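Visitor: If you scroll down you'll find the structure; I have some questions about it.
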Amino acid sequence: MRVATVLHHPVRPVPSYRSTLFTPSPPKMKTLRFSFSHRSTKFKVLAAKKQLPELRSWKQKQDGENLLSRDQKAEAGFDLGWLPAFPHVLIASMSNFLFGYHIGVMNGPIVSIAKELGFEGNPILEGLVVSIFIAGAFVGSISSGSLADKLGCRRTFQIDTIPLILGAIISAQAHSLDEMLWGRFLVGLGIGVNTVLVPIYISEVAPTKYRGSLGTLCQVGTCLGIITSLFLGIPAEDDPHWWRTMLYIASLPGFILALGMQFTVESPRWLCKGGMLNDAKAVIANLWGESEINKAIEEFQLVIKKDGSDLDSQWSELLEEPHSRVALIGGALFLLQQFAGINGVLYFSSLTFQDVGITDGALASLLVGVTNFAGALCASYLMDKEGRQKLLIGSYLGMAISMLLVVGAISLPLDEDFSHNLSILGTLFYIFMFAIGAGPVTGLVIPEISSNRTRGKIMGFSFSVHWSLPFAGKFSRIRKEKVCNFLVGLFFLDLVETFGVAPVYAGFGGVSLLSALFAYYFIVETKGRSLEEIEMSLNANSTPGNK
C-alpha cells in the first residue's frame, strides 16, 4: 500500500487462542441493509469448462439464498451495514497512521539530527539513518505471514507494537548514531509487519459488500499520518531539538493500537480454521449480521476442507498453483507501481513548485498531502461501486495522461508561466490518480485473490518486493548529494542526467500504460464476492482438466 509522500526536502523512502470480542455477549441488534443486493461478478480468468461439483452446488445454494433475502433487504432504505465493522477496521488502520507519520517524521529534522549526533555533512550516514528503516520493514514483511498464521491478527498487532514503541523511544532519546540506527530499525520492523497485516485483517473482518471501502482506510490513515507529521514538524525550523518531541509523539499511537486491539475481534476465518467455531459465529453475528452465520461458516469449512486445517502454511506452497500465480501477480503489481514513477515525480515536484513561486517546502508538502488525501477519499467512495480492476486501469491511464501533460510542458515551446502551471497541474493530477487506484488497490486486491491458507505468505512476499526495490536502490551506489530518496536512487537520477527529465517522464507514462494493460489482462474483479467464492473460482480454474 503506497501513498505520495511529503516534499519538504528531496523525498525520503516510502515509495499484512481465543478471541476477546469487541462487545462480549452484546444485545442482538438488527443491522440495516441496502435496498439492493450485489450481483456476482464473473472472473476474467482462464475459462473453465467444468467446475468442481462442490463449487457448483455451493454457488447454486448461495444464489437461492440471495434470491430469498432480496425482498427482505429491500425493506431497509438506509445503509449502515458497514458500521459494526468500522471501529475494528479503524483501530487496525492506526498502524497505517503510524506508517505515514514515520514517513514524514524524518523529512525535515534530519539536518538537526545529523548536527546534534555528530554526522552533519556526511551523506552516507544521513542516508543510512533514513534507509535502515526500510531494512527493518523488509525483515518485518517477510516474518509477518508466519506470525499471523500462528497467532492470529489481533495478537500479532499487539506484539508488533513492542518494536514500534521501543523504536520511537530509543530514537527520541538517542545521543549517538548507533542508538538512532537501532531505533529506526525497530520502527521499520514494526511497520513492515503492519503494512502486511492491516490489509489481511480488513479483508477478513469486513463484510463482503463493504470490503473495498473499508480497505481504503489504509490509504486514508497513511495520508493523515503524513499530514500530521508535517504540521507537527513546523516548530522544528526554529527549535533544533524539536525532533525528539516528534519521535516521542510517535510512540503514542503504538500504545493506542495495543490497547485498542484488545477490544477488537479476531478474524472469523482464522478462528474457524483454528477450530474455534463458536467464536467465529459470534464475530460474524456482531459484524455481518446473524443471517450471514450459516452461509459464512459453510463457505469457511468448504475452503478449509480443501486447504487443510493446520494454521501455518509453508513458503514452498507458493511454488504450487494457484498460489504461485497469485504471488507473481502480487509482486508484479508492486514492481509496476514503483517503476510507474511515483517517487521520481515527487522528487522533482519540489522544483516544479519552486518554478511557480511556491518556495515554502511545507506549503508544497501540504498541497501534495491534500491532493493525496482527496484521492484516497474518492477511492473509498468508488472502490465498491466501480470495482478494483476499473479503478486500477483508470488510475494508471490517468497517470499516463498526466505524464503526457508534464512532458508537453517541458518540451513544447510554450509561454513560461503557462508551462509552469501545466507542470503543476500534471503533477497534482498524477498524485490524485495514483491515490485513487494504484496506491490503495494494489494492497487491497492481493489478499482478496489469495487463498485463506497462503494469504499471509503471499502478502509477505509481495511487500518484500515493495521494500526490496528501495533497499537495493540505496546501496547500489552512494551519491554525493544530500540524502536523496533511495527509491529513486536505483536508476532515476542517472537516467535524468543522461536523457533529461522529459524522456524519463515519458518512460513513466509508458510504464503506466503497461500497468493498465497488466491490470486488464491479469487482475480479476473481486467486487461483491466473498473471499471464499474468489478462492473456489481460482481453484476450479487451476484444477487439472479445466482448460
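We label chains A, B, ... in the order they appear in the C-alpha cells, count residues from 1 in each chain, and number ligands from 1 in the order shown.
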So that each row is one residue of range 381-483 of chain A with an atom at most 8 Å from range 185-200 of chain A, can you give its shortest atom pair and the distance in Å to one decimal, using only C-alpha atoms, rows by chain and rising number, as a tab-separated table?
Guide:
```
residue	atom	partner	partner_atom	distance
A:Gly443	CA	A:Pro199	CA	6.6
A:Leu444	CA	A:Pro199	CA	6.0
A:Pro447	CA	A:Ile200	CA	5.9
A:Arg455	CA	A:Ile200	CA	7.5
A:Gly456	CA	A:Ile200	CA	7.3
A:Met459	CA	A:Val196	CA	6.0
A:Gly460	CA	A:Val196	CA	6.2
A:Phe463	CA	A:Val196	CA	6.8
```
Visitor: Would you pick out the contacts of Thr442 in chain A at 12 Å or less, using only C-alpha atoms, so that residues sharing its chain but fewer than 6 positions from it are not included, and give the list as a ChimeraX atom specification?
Guide: /A:1-3,196,199,212,215-216,218-219,329-338,388-389,391-393,395-396,434-436,448-449,459,462-463,466,515,519,523
Visitor: Okay, now the selection with C-alpha atoms, as a CSV table (one decimal), in the first residue's frame?
Guide:
```csv
chain,number,residue,atom,x,y,z
A,1,MET,CA,0.0,0.0,0.0
A,2,ARG,CA,1.6,3.1,-1.2
A,3,VAL,CA,1.0,6.8,-0.9
A,196,VAL,CA,1.2,-6.7,5.6
A,199,PRO,CA,-4.9,-5.4,4.5
A,212,GLY,CA,-13.3,-2.3,-0.7
A,215,GLY,CA,-10.0,-1.3,2.8
A,216,THR,CA,-9.2,2.2,1.6
A,218,CYS,CA,-5.3,2.0,4.9
A,219,GLN,CA,-4.6,4.8,2.4
A,329,ILE,CA,0.7,-11.1,-9.7
A,330,GLY,CA,1.3,-9.5,-6.3
A,331,GLY,CA,5.0,-9.0,-6.8
A,332,ALA,CA,4.4,-7.6,-10.3
A,333,LEU,CA,1.8,-5.1,-9.0
A,334,PHE,CA,4.3,-3.6,-6.6
A,335,LEU,CA,7.1,-3.7,-9.2
A,336,LEU,CA,5.0,-1.8,-11.7
A,337,GLN,CA,3.8,0.6,-9.0
A,338,GLN,CA,7.4,1.5,-8.3
A,388,ARG,CA,-10.9,-2.8,-8.2
A,389,GLN,CA,-10.0,-3.6,-11.8
A,391,LEU,CA,-10.1,1.8,-10.6
A,392,LEU,CA,-6.6,0.3,-11.2
A,393,ILE,CA,-6.9,0.6,-15.0
A,395,SER,CA,-5.7,5.2,-12.3
A,396,TYR,CA,-2.8,4.1,-14.5
A,434,PHE,CA,-2.2,7.4,-8.0
A,435,ALA,CA,-4.2,7.8,-4.8
A,436,ILE,CA,-7.4,6.7,-6.5
A,448,GLU,CA,-8.6,-10.8,-1.9
A,449,ILE,CA,-7.2,-13.1,-4.6
A,459,MET,CA,1.2,-10.7,1.2
A,462,SER,CA,4.5,-9.1,-2.3
A,463,PHE,CA,5.5,-6.5,0.3
A,466,HIS,CA,7.8,-3.5,-2.3
A,515,SER,CA,0.5,-1.3,-15.9
A,519,ALA,CA,-4.5,-4.9,-14.8
A,523,ILE,CA,-6.4,-8.7,-12.4
```
Visitor: Do you have the CA of Gly225 in chain A-CA of His102 in chain A distance handy?
Guide: 7.8 Å
Visitor: Enter the distance from CA of Tyr210 in chain A to CA of Leu90 in chain A, in Å, rounded to one decimal.
Guide: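 Here the two named atoms are 13.7 Å from each other.
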Visitor: What does the structure give for the distance between CA of Gly121 in chain A and CA of Val496 in chain A, in Å to one decimal?
Guide: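 About the pair CA of Gly121 in chain A and CA of Val496 in chain A: they are 24.6 Å apart.
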Visitor: Between A:Gly439, A:His323, A:Val501, A:Lys390, which is the closest to Ala409 in chain A once you count only C-alpha atoms?
Guide: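 Closest to Ala409 in chain A, using only C-alpha atoms: A:Val501.
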Visitor: Mind listing the helix (DSSP H, G or I) residues of range 103-294 of chain A, per DSSP on the backbone, as a ChimeraX atom specification?
Guide: /A:103-105,110-117,123-151,153-172,177-205,208-215,217-232,234-237,242-249,252-263,268-273,277-287,290-294
Visitor: May I ask which of the residues A:Ile458, A:Ile142, A:Val303, A:Met399 is the closest one to Ile534 in chain A, counting only C-alpha atoms?
Guide: A:Val303
Visitor: What lies within 9 Å of Leu217 in chain A using only C-alpha atoms, ignoring chain neighbours under 4 positions off, as a PyMOL selection string?
Guide: chain A and resi 89-90+93+96+213+221-222+376-377+380+440
Visitor: From the list A:Arg244, A:Lys527, A:Lys281, A:Lys457, which residue is nearest Lys150 in chain A when using only C-alpha atoms?
Guide: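 Nearest to Lys150 in chain A: A:Lys457.
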Visitor: Using only C-alpha atoms, which of the listed residues (A:Ile304, A:Ala85, A:Ile165, A:Ile256) sits closest to Met536 in chain A?
Guide: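 Ranking A:Ile304, A:Ala85, A:Ile165, A:Ile256 by distance to Met536 in chain A, first place goes to A:Ile304.
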Visitor: Write out as a ChimeraX atom specification the residues lying within 9 Å of range 415-422 of chain A, counting only C-alpha atoms and excluding same-chain residues fewer than 4 positions away.
Guide: /A:352-353,355-356,405-406,408-410,426-427
Visitor: Emit the selected residues as an mmCIF file, in the first residue's frame, including all heavy atoms.
Guide:
```cif
data_model
loop_
_atom_site.group_PDB
_atom_site.id
_atom_site.type_symbol
_atom_site.label_atom_id
_atom_site.label_comp_id
_atom_site.auth_asym_id
_atom_site.auth_seq_id
_atom_site.Cartn_x
_atom_site.Cartn_y
_atom_site.Cartn_z
ATOM 1 N N THR A 352 9.383 21.829 -9.292
ATOM 2 C CA THR A 352 8.273 22.349 -10.081
ATOM 3 C C THR A 352 7.507 23.406 -9.309
ATOM 4 O O THR A 352 7.125 24.446 -9.862
ATOM 5 C CB THR A 352 7.326 21.199 -10.484
ATOM 6 O OG1 THR A 352 8.071 20.190 -11.165
ATOM 7 C CG2 THR A 352 6.213 21.696 -11.391
ATOM 8 N N PHE A 353 7.269 23.160 -8.031
ATOM 9 C CA PHE A 353 6.572 24.143 -7.204
ATOM 10 C C PHE A 353 7.398 25.424 -7.070
ATOM 11 O O PHE A 353 6.852 26.527 -7.067
ATOM 12 C CB PHE A 353 6.277 23.561 -5.821
ATOM 13 C CG PHE A 353 5.133 22.598 -5.804
ATOM 14 C CD1 PHE A 353 5.332 21.266 -5.475
ATOM 15 C CD2 PHE A 353 3.846 23.012 -6.108
ATOM 16 C CE1 PHE A 353 4.281 20.367 -5.456
ATOM 17 C CE2 PHE A 353 2.787 22.125 -6.088
ATOM 18 C CZ PHE A 353 3.002 20.792 -5.774
ATOM 19 N N ASP A 355 9.296 26.674 -9.276
ATOM 20 C CA ASP A 355 9.222 27.412 -10.532
ATOM 21 C C ASP A 355 8.014 28.337 -10.599
ATOM 22 O O ASP A 355 8.029 29.335 -11.319
ATOM 23 C CB ASP A 355 9.182 26.437 -11.720
ATOM 24 C CG ASP A 355 10.522 25.754 -11.941
ATOM 25 O OD1 ASP A 355 11.549 26.310 -11.498
ATOM 26 O OD2 ASP A 355 10.541 24.666 -12.553
ATOM 27 N N VAL A 356 6.947 27.982 -9.877
ATOM 28 C CA VAL A 356 5.743 28.835 -9.892
ATOM 29 C C VAL A 356 5.692 29.720 -8.658
ATOM 30 O O VAL A 356 4.647 30.295 -8.346
ATOM 31 C CB VAL A 356 4.459 27.988 -9.998
ATOM 32 C CG1 VAL A 356 4.435 27.229 -11.301
ATOM 33 C CG2 VAL A 356 4.339 27.027 -8.815
ATOM 34 N N LEU A 405 1.082 15.463 -20.014
ATOM 35 C CA LEU A 405 0.967 16.900 -19.764
ATOM 36 C C LEU A 405 2.300 17.499 -19.327
ATOM 37 O O LEU A 405 2.711 18.564 -19.812
ATOM 38 C CB LEU A 405 -0.101 17.165 -18.697
ATOM 39 C CG LEU A 405 -1.556 16.879 -19.067
ATOM 40 C CD1 LEU A 405 -2.467 17.119 -17.864
ATOM 41 C CD2 LEU A 405 -1.988 17.751 -20.237
ATOM 42 N N VAL A 406 2.977 16.816 -18.416
ATOM 43 C CA VAL A 406 4.258 17.334 -17.919
ATOM 44 C C VAL A 406 5.303 17.329 -19.024
ATOM 45 O O VAL A 406 6.080 18.293 -19.176
ATOM 46 C CB VAL A 406 4.731 16.512 -16.704
ATOM 47 C CG1 VAL A 406 6.105 16.992 -16.245
ATOM 48 C CG2 VAL A 406 3.738 16.608 -15.562
ATOM 49 N N GLY A 408 4.757 17.572 -22.199
ATOM 50 C CA GLY A 408 4.424 18.667 -23.095
ATOM 51 C C GLY A 408 4.840 20.010 -22.533
ATOM 52 O O GLY A 408 5.351 20.880 -23.261
ATOM 53 N N ALA A 409 4.637 20.193 -21.228
ATOM 54 C CA ALA A 409 5.018 21.454 -20.599
ATOM 55 C C ALA A 409 6.528 21.678 -20.657
ATOM 56 O O ALA A 409 6.997 22.814 -20.776
ATOM 57 C CB ALA A 409 4.549 21.477 -19.148
ATOM 58 N N ILE A 410 7.290 20.596 -20.584
ATOM 59 C CA ILE A 410 8.750 20.716 -20.599
ATOM 60 C C ILE A 410 9.286 20.869 -22.008
ATOM 61 O O ILE A 410 10.215 21.649 -22.264
ATOM 62 C CB ILE A 410 9.386 19.475 -19.921
ATOM 63 C CG1 ILE A 410 8.997 19.417 -18.435
ATOM 64 C CG2 ILE A 410 10.900 19.495 -20.074
ATOM 65 C CD1 ILE A 410 9.449 18.148 -17.752
ATOM 66 N N GLY A 426 -0.190 18.792 -14.103
ATOM 67 C CA GLY A 426 0.138 17.407 -14.402
ATOM 68 C C GLY A 426 0.633 16.653 -13.180
ATOM 69 O O GLY A 426 0.282 15.491 -12.957
ATOM 70 N N THR A 427 1.451 17.325 -12.355
ATOM 71 C CA THR A 427 1.992 16.682 -11.160
ATOM 72 C C THR A 427 0.892 16.352 -10.156
ATOM 73 O O THR A 427 0.821 15.226 -9.631
ATOM 74 C CB THR A 427 3.042 17.591 -10.499
ATOM 75 O OG1 THR A 427 4.124 17.802 -11.407
ATOM 76 C CG2 THR A 427 3.569 16.971 -9.223
#
```
